[in-house]
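J.: One structure, as structure tokens, below. Some questions next.
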Amino acid sequence: MHATKSVEDVVTVDVHAAKDLLNSGHRYLDVRTNEEYTKSHVENALNIPYMFITQEGRVKNPEFLAQVSALCDKEDSLVVACNSGGRSLKASVDLLNAGYKNVKNMAGGYSAWVDNGFAGDSAPAEELKTACKFRPNVH
């Protein structure tokens, strides 16, 4: 029996390392809501929300692992990201526990991706910054 994985088992990489991984064949799994994804996202990203925003607040997507397994093999190399790194960390733990072997969590999430200029001109940078009011403004 394998021990249950926890956040300590997740490999977290910064956006520069994540970009290199994506350029070398990793897949980008965006676990933000469909609404967030639709506003702006990394090219060729897969979008499978980890949480839904409901009237009761955030609710975990009960189909998350099933939806991932419909699109990804357990051998696939995945970079998991959300908007700032919180949801993707939890999603990464779930994926590891489900038997995915090559999962990396992207530190700072899509906000950091945008801050580093990787989104090009397509990013609604100000809109993302308001979504992350508490982050220092990075240039």
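As shown in the structure tokens, the chain order sets the letters A, B, ...; within each chain, residues go from 1, and ligands are also counted from 1 in the order they appear.
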For the structure I just gave you, how does DSSP split chain A - specifically, which residues are strand (DSSP E or B)? Reply as a list in words.

T.: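 Reading the DSSP output for chain A, strand (DSSP E or B) covers Val11, Thr12, Val13, Arg27, Tyr28, Leu29, Asp30, Leu46, Asn47, Met51, Phe52, Ile53, Thr54, Gly57, Arg58, Val59, Lys60, Ser77, Leu78, Val79, Val80, Ala81, Asn102, Val103, Lys104, Asn105 and Met106 of chain A.
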
J.: Write out as a PyMOL selection string which residues come within 9 Å of region 75-89 of chain A when counting only C-alpha atoms, dropping same-chain ones fewer than 4 positions away.

T.: chain A and resi 7+10+12-13+18+21-22+25-33+36+49-51+93-94+99-112+128+131-132

J.: I'd like the neighbourhood of Gly120 (chain A) as a PyMOL selection string, where a residue qualifies if any of its atoms comes within 12 Å (using only C-alpha atoms), though same-chain residues fewer than 6 positions away should be ignored.

T.: chain A and resi 40-43+113-114

J.: Name the closest residue to Lys60 (chain A) among the candidates A:Ala119, A:Ala91, A:Ala45, A:Val11; distances are taken between atoms, counting only C-alpha atoms.

T.: A:Ala91

J.: Please identify which residues in region 6-131 of chain A DSSP calls alpha helix (DSSP H) from the backbone, and express them as number ranges by chain.

T.: A: 15-23, 34-39, 64-71, 86-97, 109-115, 125-131

J.: Which residues come within 10 Å of Val68 (chain A), counting only C-alpha atoms, excluding same-chain residues fewer than 3 positions away, as a PDB file with all heavy atoms, in the first residue's frame?

T.:
```
ATOM      1  N   LEU A  29      -2.553  21.820 -17.372  1.00  0.00           N
ATOM      2  CA  LEU A  29      -3.892  21.557 -16.853  1.00  0.00           C
ATOM      3  C   LEU A  29      -4.322  22.743 -16.007  1.00  0.00           C
ATOM      4  O   LEU A  29      -3.795  22.985 -14.929  1.00  0.00           O
ATOM      5  CB  LEU A  29      -3.883  20.262 -16.020  1.00  0.00           C
ATOM      6  CG  LEU A  29      -5.206  19.888 -15.344  1.00  0.00           C
ATOM      7  CD1 LEU A  29      -6.310  19.681 -16.370  1.00  0.00           C
ATOM      8  CD2 LEU A  29      -5.023  18.636 -14.494  1.00  0.00           C
ATOM      9  N   LEU A  46      -5.558  22.546 -21.117  1.00  0.00           N
ATOM     10  CA  LEU A  46      -6.769  21.771 -20.832  1.00  0.00           C
ATOM     11  C   LEU A  46      -7.436  22.473 -19.663  1.00  0.00           C
ATOM     12  O   LEU A  46      -6.752  22.830 -18.703  1.00  0.00           O
ATOM     13  CB  LEU A  46      -6.399  20.355 -20.383  1.00  0.00           C
ATOM     14  CG  LEU A  46      -5.615  19.476 -21.343  1.00  0.00           C
ATOM     15  CD1 LEU A  46      -5.140  18.224 -20.616  1.00  0.00           C
ATOM     16  CD2 LEU A  46      -6.492  19.097 -22.523  1.00  0.00           C
ATOM     17  N   ASN A  47      -8.739  22.643 -19.714  1.00  0.00           N
ATOM     18  CA  ASN A  47      -9.424  23.295 -18.590  1.00  0.00           C
ATOM     19  C   ASN A  47     -10.377  22.303 -17.936  1.00  0.00           C
ATOM     20  O   ASN A  47     -11.362  21.893 -18.519  1.00  0.00           O
ATOM     21  CB  ASN A  47     -10.181  24.537 -19.071  1.00  0.00           C
ATOM     22  CG  ASN A  47     -10.943  25.248 -17.960  1.00  0.00           C
ATOM     23  OD1 ASN A  47     -12.062  25.696 -18.144  1.00  0.00           O
ATOM     24  ND2 ASN A  47     -10.346  25.354 -16.790  1.00  0.00           N
ATOM     25  N   ILE A  48     -10.029  21.904 -16.723  1.00  0.00           N
ATOM     26  CA  ILE A  48     -10.894  21.049 -15.918  1.00  0.00           C
ATOM     27  C   ILE A  48     -10.980  21.692 -14.540  1.00  0.00           C
ATOM     28  O   ILE A  48     -10.010  21.651 -13.777  1.00  0.00           O
ATOM     29  CB  ILE A  48     -10.348  19.614 -15.826  1.00  0.00           C
ATOM     30  CG1 ILE A  48     -10.201  19.023 -17.234  1.00  0.00           C
ATOM     31  CG2 ILE A  48     -11.275  18.753 -14.958  1.00  0.00           C
ATOM     32  CD1 ILE A  48      -9.514  17.684 -17.289  1.00  0.00           C
ATOM     33  N   PRO A  49     -12.099  22.348 -14.234  1.00  0.00           N
ATOM     34  CA  PRO A  49     -12.191  23.072 -12.961  1.00  0.00           C
ATOM     35  C   PRO A  49     -12.062  22.134 -11.767  1.00  0.00           C
ATOM     36  O   PRO A  49     -12.645  21.045 -11.759  1.00  0.00           O
ATOM     37  CB  PRO A  49     -13.588  23.699 -13.003  1.00  0.00           C
ATOM     38  CG  PRO A  49     -13.995  23.684 -14.434  1.00  0.00           C
ATOM     39  CD  PRO A  49     -13.309  22.505 -15.055  1.00  0.00           C
ATOM     40  N   GLU A  63     -16.461  15.533 -10.211  1.00  0.00           N
ATOM     41  CA  GLU A  63     -16.055  14.785 -11.403  1.00  0.00           C
ATOM     42  C   GLU A  63     -14.615  15.075 -11.823  1.00  0.00           C
ATOM     43  O   GLU A  63     -14.185  14.628 -12.885  1.00  0.00           O
ATOM     44  CB  GLU A  63     -16.984  15.147 -12.574  1.00  0.00           C
ATOM     45  CG  GLU A  63     -18.449  14.813 -12.322  1.00  0.00           C
ATOM     46  CD  GLU A  63     -18.660  13.316 -12.193  1.00  0.00           C
ATOM     47  OE1 GLU A  63     -18.107  12.569 -13.028  1.00  0.00           O
ATOM     48  OE2 GLU A  63     -19.351  12.901 -11.245  1.00  0.00           O
ATOM     49  N   PHE A  64     -13.883  15.842 -11.002  1.00  0.00           N
ATOM     50  CA  PHE A  64     -12.557  16.308 -11.420  1.00  0.00           C
ATOM     51  C   PHE A  64     -11.662  15.169 -11.921  1.00  0.00           C
ATOM     52  O   PHE A  64     -11.157  15.200 -13.041  1.00  0.00           O
ATOM     53  CB  PHE A  64     -11.876  17.074 -10.271  1.00  0.00           C
ATOM     54  CG  PHE A  64     -10.468  17.515 -10.594  1.00  0.00           C
ATOM     55  CD1 PHE A  64     -10.244  18.531 -11.509  1.00  0.00           C
ATOM     56  CD2 PHE A  64      -9.376  16.896 -10.003  1.00  0.00           C
ATOM     57  CE1 PHE A  64      -8.947  18.937 -11.827  1.00  0.00           C
ATOM     58  CE2 PHE A  64      -8.084  17.297 -10.304  1.00  0.00           C
ATOM     59  CZ  PHE A  64      -7.866  18.315 -11.221  1.00  0.00           C
ATOM     60  N   LEU A  65     -11.470  14.142 -11.103  1.00  0.00           N
ATOM     61  CA  LEU A  65     -10.551  13.070 -11.491  1.00  0.00           C
ATOM     62  C   LEU A  65     -11.065  12.304 -12.708  1.00  0.00           C
ATOM     63  O   LEU A  65     -10.281  11.924 -13.583  1.00  0.00           O
ATOM     64  CB  LEU A  65     -10.297  12.131 -10.315  1.00  0.00           C
ATOM     65  CG  LEU A  65      -9.439  12.747  -9.206  1.00  0.00           C
ATOM     66  CD1 LEU A  65      -9.439  11.864  -7.965  1.00  0.00           C
ATOM     67  CD2 LEU A  65      -8.017  13.016  -9.670  1.00  0.00           C
ATOM     68  N   LEU A  71      -9.107  12.743 -20.405  1.00  0.00           N
ATOM     69  CA  LEU A  71      -8.226  13.490 -21.315  1.00  0.00           C
ATOM     70  C   LEU A  71      -6.752  13.174 -21.154  1.00  0.00           C
ATOM     71  O   LEU A  71      -5.952  13.457 -22.039  1.00  0.00           O
ATOM     72  CB  LEU A  71      -8.421  14.996 -21.087  1.00  0.00           C
ATOM     73  CG  LEU A  71      -9.806  15.556 -21.396  1.00  0.00           C
ATOM     74  CD1 LEU A  71      -9.916  16.991 -20.935  1.00  0.00           C
ATOM     75  CD2 LEU A  71     -10.095  15.462 -22.888  1.00  0.00           C
ATOM     76  N   CYS A  72      -6.376  12.618 -19.998  1.00  0.00           N
ATOM     77  CA  CYS A  72      -4.958  12.415 -19.700  1.00  0.00           C
ATOM     78  C   CYS A  72      -4.705  10.994 -19.225  1.00  0.00           C
ATOM     79  O   CYS A  72      -5.532  10.414 -18.525  1.00  0.00           O
ATOM     80  CB  CYS A  72      -4.503  13.364 -18.584  1.00  0.00           C
ATOM     81  SG  CYS A  72      -4.818  15.092 -18.938  1.00  0.00           S
ATOM     82  N   ASP A  73      -3.533  10.469 -19.582  1.00  0.00           N
ATOM     83  CA  ASP A  73      -3.091   9.182 -19.061  1.00  0.00           C
ATOM     84  C   ASP A  73      -2.311   9.416 -17.779  1.00  0.00           C
ATOM     85  O   ASP A  73      -1.737  10.492 -17.589  1.00  0.00           O
ATOM     86  CB  ASP A  73      -2.164   8.482 -20.065  1.00  0.00           C
ATOM     87  CG  ASP A  73      -2.926   8.069 -21.309  1.00  0.00           C
ATOM     88  OD1 ASP A  73      -4.101   7.683 -21.186  1.00  0.00           O
ATOM     89  OD2 ASP A  73      -2.329   8.145 -22.395  1.00  0.00           O
ATOM     90  N   LYS A  74      -2.228   8.393 -16.951  1.00  0.00           N
ATOM     91  CA  LYS A  74      -1.488   8.528 -15.692  1.00  0.00           C
ATOM     92  C   LYS A  74       0.005   8.723 -15.925  1.00  0.00           C
ATOM     93  O   LYS A  74       0.731   9.138 -15.036  1.00  0.00           O
ATOM     94  CB  LYS A  74      -1.757   7.330 -14.795  1.00  0.00           C
ATOM     95  CG  LYS A  74      -3.249   7.263 -14.488  1.00  0.00           C
ATOM     96  CD  LYS A  74      -3.602   6.705 -13.153  1.00  0.00           C
ATOM     97  CE  LYS A  74      -5.046   7.071 -12.835  1.00  0.00           C
ATOM     98  NZ  LYS A  74      -5.717   6.148 -11.988  1.00  0.00           N
ATOM     99  N   LEU A  95      -4.404  14.305  -7.794  1.00  0.00           N
ATOM    100  CA  LEU A  95      -3.893  13.588  -8.969  1.00  0.00           C
ATOM    101  C   LEU A  95      -2.832  12.570  -8.567  1.00  0.00           C
ATOM    102  O   LEU A  95      -2.841  11.429  -9.044  1.00  0.00           O
ATOM    103  CB  LEU A  95      -3.330  14.579  -9.990  1.00  0.00           C
ATOM    104  CG  LEU A  95      -4.391  15.451 -10.684  1.00  0.00           C
ATOM    105  CD1 LEU A  95      -3.736  16.622 -11.402  1.00  0.00           C
ATOM    106  CD2 LEU A  95      -5.230  14.630 -11.652  1.00  0.00           C
TER     107      LEU A  95
END
```

J.: In Å, with one decimal, what is the gap from CA of Ser69 (chain A) to CA of Glu8 (chain A)?

T.: 23.3 Å
